[in-house]
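Written out below as structure tokens is the structure these notes cover.
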Amino acid sequence: MKRQLRHGMLLAVTASLFALTGCDSGDTYYDFGYPRTTNNGGSGANNDDSRLYELANTLRGHWNGAMRYEYTDDNGKRSIAQFDAQMEFDQYDATRLEGRGQEIDAATVNGKTQTQTLTFTWTIDEKTSDIYVVYDNSQKKYRITFLQNNELQSYLDGKRFAGTMIGVNNNEFIDFELSRYSYAKPANVVFSRAANTRAAGLEVEYKLVKR
């Protein structure tokens with residue numbers, strides 16, 4: 001009788017241990033070189049998803065500063081145009097990794113100021129954290145990457161947004177140095193090292209180019 005009782009208790013303990021280890025909240029796997037845990041409807045938020053939403057929320061808002069647009073002109077010559085720029089990123093809502101945007105470019109040449117307004121859509125790639133920008137009129141698509149092993153790496157925090165838009169369906173680059181919007185004009189604009197080395201030797205003209 002005692003042997004049967006001990007055997008029953010052992011089975012009960014084994015069953016309870018199995019129940020505890022069988023209730024895992026999700027599978028752990030590696031993405032971008034660090035562990036990521038998926039949640040099966042639990043209350044805990046996915047850490048990677050939180051970072052993506054934080055990226056989108058930080059991007060949202062008004063920025064101004066300067067841009068350098070590297071392109072091929074109508075004569076087949078590689079050229080660079082520099083101008084002032086204001087960018088607005090409007091998020092569809094706080095739970096979305098995409099939205100609409102507007103860019104206002106301005107350049108003063110020979111005392112005359114020219115401006116152009118461009119509208120675009122933007123989205124964040126959930127796998128790479130890259131930001132993709134597609135301009136409405138031209139349908140030109142650009143990628144902004146934050147990967148550390150890329151020489152055209154960009155940077156974003158609450159006050160500064162700088163880096164390079166890399167052409168996806170075109171052979172163009174848009175280097176930018178922006179600050180969170182204020183009425184004070186940014187001083188001492190310094191573009192990334194990539195901007196200085198990639199287009200070394202090309203003349204920079206202060207002007208607008210239709211895009």
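Residues in the structure tokens are named by chain (A, B, ... in the order shown) and by number from 1 within that chain; ligands are numbered from 1 in the order shown.
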
Need the shell around stretch 106-114 of chain A: protein/DNA/RNA residues with any atom at most 9 Å away, counting only C-alpha atoms. Skip same-chain ones fewer than 6 positions apart. Format as a PyMOL selection string?
chain A and resi 82-86+206-208

Nearest candidate to A:Leu118 (options A:Val133, A:Met165, A:Ala200, A:Ala195; using only C-alpha atoms)
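The closest residue to A:Leu118 is A:Val133.
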
Every residue of stretch 133-199 of chain A that DSSP places in strand (DSSP E), as a list in words:
Val133, Val134, Tyr135, Lys141, Tyr142, Arg143, Ile144, Tyr155, Leu156, Arg160, Phe161, Ala162, Gly163, Thr164, Met165, Ile166, Gly167, Phe173, Ile174, Asp175, Phe176, Glu177, Leu178, Ser179 and Arg180 of chain A

Between atom CA of A:Arg211 and atom CA of A:Asp74, what is the spacing in Å?
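Separation between atom CA of A:Asp74 and atom CA of A:Arg211: 12.8 Å.
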
Between atom CA of A:Val168 and atom CA of A:Asn137, what is the distance, to one decimal in Å?
15.8 Å

Residues within 10 Å of A:Val190, please, as a list of chain:residue names. Count only C-alpha atoms; anything in the same chain fewer than 2 positions from it doesn't count.
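Counting only C-alpha atoms, the residues come to A:Ala66, A:Ala162, A:Phe176, A:Glu177, A:Ala187, A:Asn188, A:Ser192, A:Arg193, A:Ala195, A:Asn196.
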
Counting only C-alpha atoms, which residue out of A:Phe120, A:Tyr92, A:Tyr135, A:Tyr181 sits closest to A:Gly158?
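The closest residue to A:Gly158 is A:Tyr181.
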
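Distances to A:Ser138 were evaluated for A:Thr58, A:Tyr71, A:Glu203, A:Asn170 using only C-alpha atoms, and the minimum falls at A:Asn170.
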
Write out as a list in words each polymer residue whose atoms come within 8 Å of A:Met87, counting only C-alpha atoms; drop sequence neighbours fewer than 6 positions from it.
His62, Trp63, Asn64, Gly101, Gln102, Glu103 and Ile104 of chain A

Can I get the selected residues back with N, CA and C atoms, as a short mmCIF file (atom, residue, chain, number, x, y, z; two decimals), in the first residue's frame?
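Generated file (part.cif):
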data_model
loop_
_atom_site.label_atom_id
_atom_site.label_comp_id
_atom_site.auth_asym_id
_atom_site.auth_seq_id
_atom_site.Cartn_x
_atom_site.Cartn_y
_atom_site.Cartn_z
N HIS A 62 8.56 67.17 -37.28
CA HIS A 62 9.09 68.15 -38.23
C HIS A 62 10.61 68.27 -38.07
N TRP A 63 11.29 68.28 -39.19
CA TRP A 63 12.75 68.38 -39.22
C TRP A 63 13.16 69.45 -40.23
N ASN A 64 14.26 70.13 -39.96
CA ASN A 64 14.81 71.03 -40.98
C ASN A 64 16.32 71.02 -40.94
N GLY A 101 4.30 61.96 -45.79
CA GLY A 101 5.26 62.98 -45.47
C GLY A 101 5.29 64.09 -46.50
N GLN A 102 5.95 65.18 -46.12
CA GLN A 102 6.09 66.31 -47.02
C GLN A 102 7.49 66.89 -46.87
N GLU A 103 8.08 67.26 -48.01
CA GLU A 103 9.41 67.87 -48.02
C GLU A 103 9.34 69.21 -48.76
N ILE A 104 9.85 70.26 -48.13
CA ILE A 104 9.90 71.58 -48.77
C ILE A 104 11.36 71.97 -48.94
#

Assign secondary structure with DSSP using the backbone only, and return the residues of stretch 47-183 of chain A in helix (DSSP H, G or I) as a ChimeraX atom specification.
/A:47-59

With all heavy atoms retained, could you export that selection as a short mmCIF file (atom, residue, chain, number, x, y, z; two decimals), in the first residue's frame?
data_model
loop_
_atom_site.label_atom_id
_atom_site.label_comp_id
_atom_site.auth_asym_id
_atom_site.auth_seq_id
_atom_site.Cartn_x
_atom_site.Cartn_y
_atom_site.Cartn_z
N ASN A 47 10.15 42.71 -27.79
CA ASN A 47 11.16 43.75 -27.66
C ASN A 47 11.51 44.38 -28.99
O ASN A 47 11.68 45.59 -29.09
CB ASN A 47 12.42 43.16 -27.01
CG ASN A 47 12.21 42.83 -25.55
OD1 ASN A 47 11.35 43.43 -24.91
ND2 ASN A 47 12.96 41.88 -25.03
N ASP A 48 11.63 43.55 -30.06
CA ASP A 48 11.97 44.07 -31.38
C ASP A 48 10.86 44.96 -31.89
O ASP A 48 11.11 46.02 -32.47
CB ASP A 48 12.22 42.92 -32.36
CG ASP A 48 13.56 42.25 -32.07
OD1 ASP A 48 14.31 42.77 -31.24
OD2 ASP A 48 13.85 41.22 -32.69
N ASP A 49 9.61 44.53 -31.73
CA ASP A 49 8.48 45.35 -32.17
C ASP A 49 8.47 46.68 -31.43
O ASP A 49 8.18 47.72 -32.03
CB ASP A 49 7.16 44.60 -31.93
CG ASP A 49 7.00 43.40 -32.85
OD1 ASP A 49 7.73 43.33 -33.86
OD2 ASP A 49 6.16 42.53 -32.56
N SER A 50 8.80 46.66 -30.14
CA SER A 50 8.84 47.90 -29.37
C SER A 50 9.88 48.85 -29.93
O SER A 50 9.65 50.06 -30.02
CB SER A 50 9.15 47.60 -27.90
OG SER A 50 8.13 46.81 -27.32
N ARG A 51 11.02 48.29 -30.35
CA ARG A 51 12.07 49.13 -30.92
C ARG A 51 11.62 49.73 -32.25
O ARG A 51 11.92 50.89 -32.54
CB ARG A 51 13.34 48.30 -31.12
CG ARG A 51 14.06 47.95 -29.83
CD ARG A 51 15.29 47.12 -30.07
NE ARG A 51 16.23 47.79 -30.94
CZ ARG A 51 17.41 47.26 -31.30
NH1 ARG A 51 17.75 46.07 -30.85
NH2 ARG A 51 18.22 47.93 -32.09
N LEU A 52 10.89 48.97 -33.04
CA LEU A 52 10.41 49.48 -34.32
C LEU A 52 9.39 50.60 -34.11
O LEU A 52 9.44 51.63 -34.80
CB LEU A 52 9.78 48.35 -35.13
CG LEU A 52 10.73 47.29 -35.67
CD1 LEU A 52 9.94 46.15 -36.32
CD2 LEU A 52 11.72 47.88 -36.66
N TYR A 53 8.49 50.43 -33.16
CA TYR A 53 7.51 51.47 -32.88
C TYR A 53 8.18 52.71 -32.30
O TYR A 53 7.79 53.84 -32.59
CB TYR A 53 6.43 50.95 -31.93
CG TYR A 53 5.57 49.88 -32.55
CD1 TYR A 53 5.37 48.65 -31.94
CD2 TYR A 53 4.96 50.09 -33.78
CE1 TYR A 53 4.59 47.67 -32.52
CE2 TYR A 53 4.17 49.12 -34.38
CZ TYR A 53 3.99 47.91 -33.74
OH TYR A 53 3.23 46.94 -34.33
N GLU A 54 9.22 52.50 -31.49
CA GLU A 54 9.97 53.63 -30.96
C GLU A 54 10.66 54.39 -32.10
O GLU A 54 10.69 55.63 -32.10
CB GLU A 54 11.01 53.13 -29.96
CG GLU A 54 11.80 54.26 -29.31
CD GLU A 54 12.81 53.74 -28.29
OE1 GLU A 54 12.86 52.51 -28.08
OE2 GLU A 54 13.55 54.56 -27.73
N LEU A 55 11.18 53.65 -33.08
CA LEU A 55 11.80 54.27 -34.25
C LEU A 55 10.77 55.11 -35.00
O LEU A 55 11.04 56.26 -35.37
CB LEU A 55 12.38 53.19 -35.16
CG LEU A 55 12.94 53.64 -36.51
CD1 LEU A 55 14.10 54.60 -36.32
CD2 LEU A 55 13.39 52.43 -37.33
N ALA A 56 9.59 54.56 -35.24
CA ALA A 56 8.54 55.28 -35.97
C ALA A 56 8.09 56.52 -35.19
O ALA A 56 7.90 57.59 -35.77
CB ALA A 56 7.36 54.36 -36.23
N ASN A 57 7.92 56.37 -33.88
CA ASN A 57 7.48 57.51 -33.06
C ASN A 57 8.53 58.61 -33.01
O ASN A 57 8.19 59.79 -32.93
CB ASN A 57 7.14 57.05 -31.64
CG ASN A 57 5.96 56.10 -31.58
OD1 ASN A 57 5.81 55.33 -30.63
ND2 ASN A 57 5.12 56.10 -32.61
N THR A 58 9.81 58.22 -33.04
CA THR A 58 10.89 59.21 -33.03
C THR A 58 10.98 59.92 -34.37
O THR A 58 11.22 61.14 -34.43
CB THR A 58 12.24 58.53 -32.71
OG1 THR A 58 12.14 57.85 -31.46
CG2 THR A 58 13.36 59.56 -32.64
N LEU A 59 10.78 59.18 -35.45
CA LEU A 59 10.83 59.77 -36.79
C LEU A 59 9.71 60.79 -37.00
O LEU A 59 9.89 61.82 -37.67
CB LEU A 59 10.72 58.66 -37.84
CG LEU A 59 10.73 59.08 -39.31
CD1 LEU A 59 12.08 59.69 -39.69
CD2 LEU A 59 10.42 57.88 -40.19
#

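Relative to atom CA of A:Thr119, atom CA of A:Phe89 is found at 10.1 Å.
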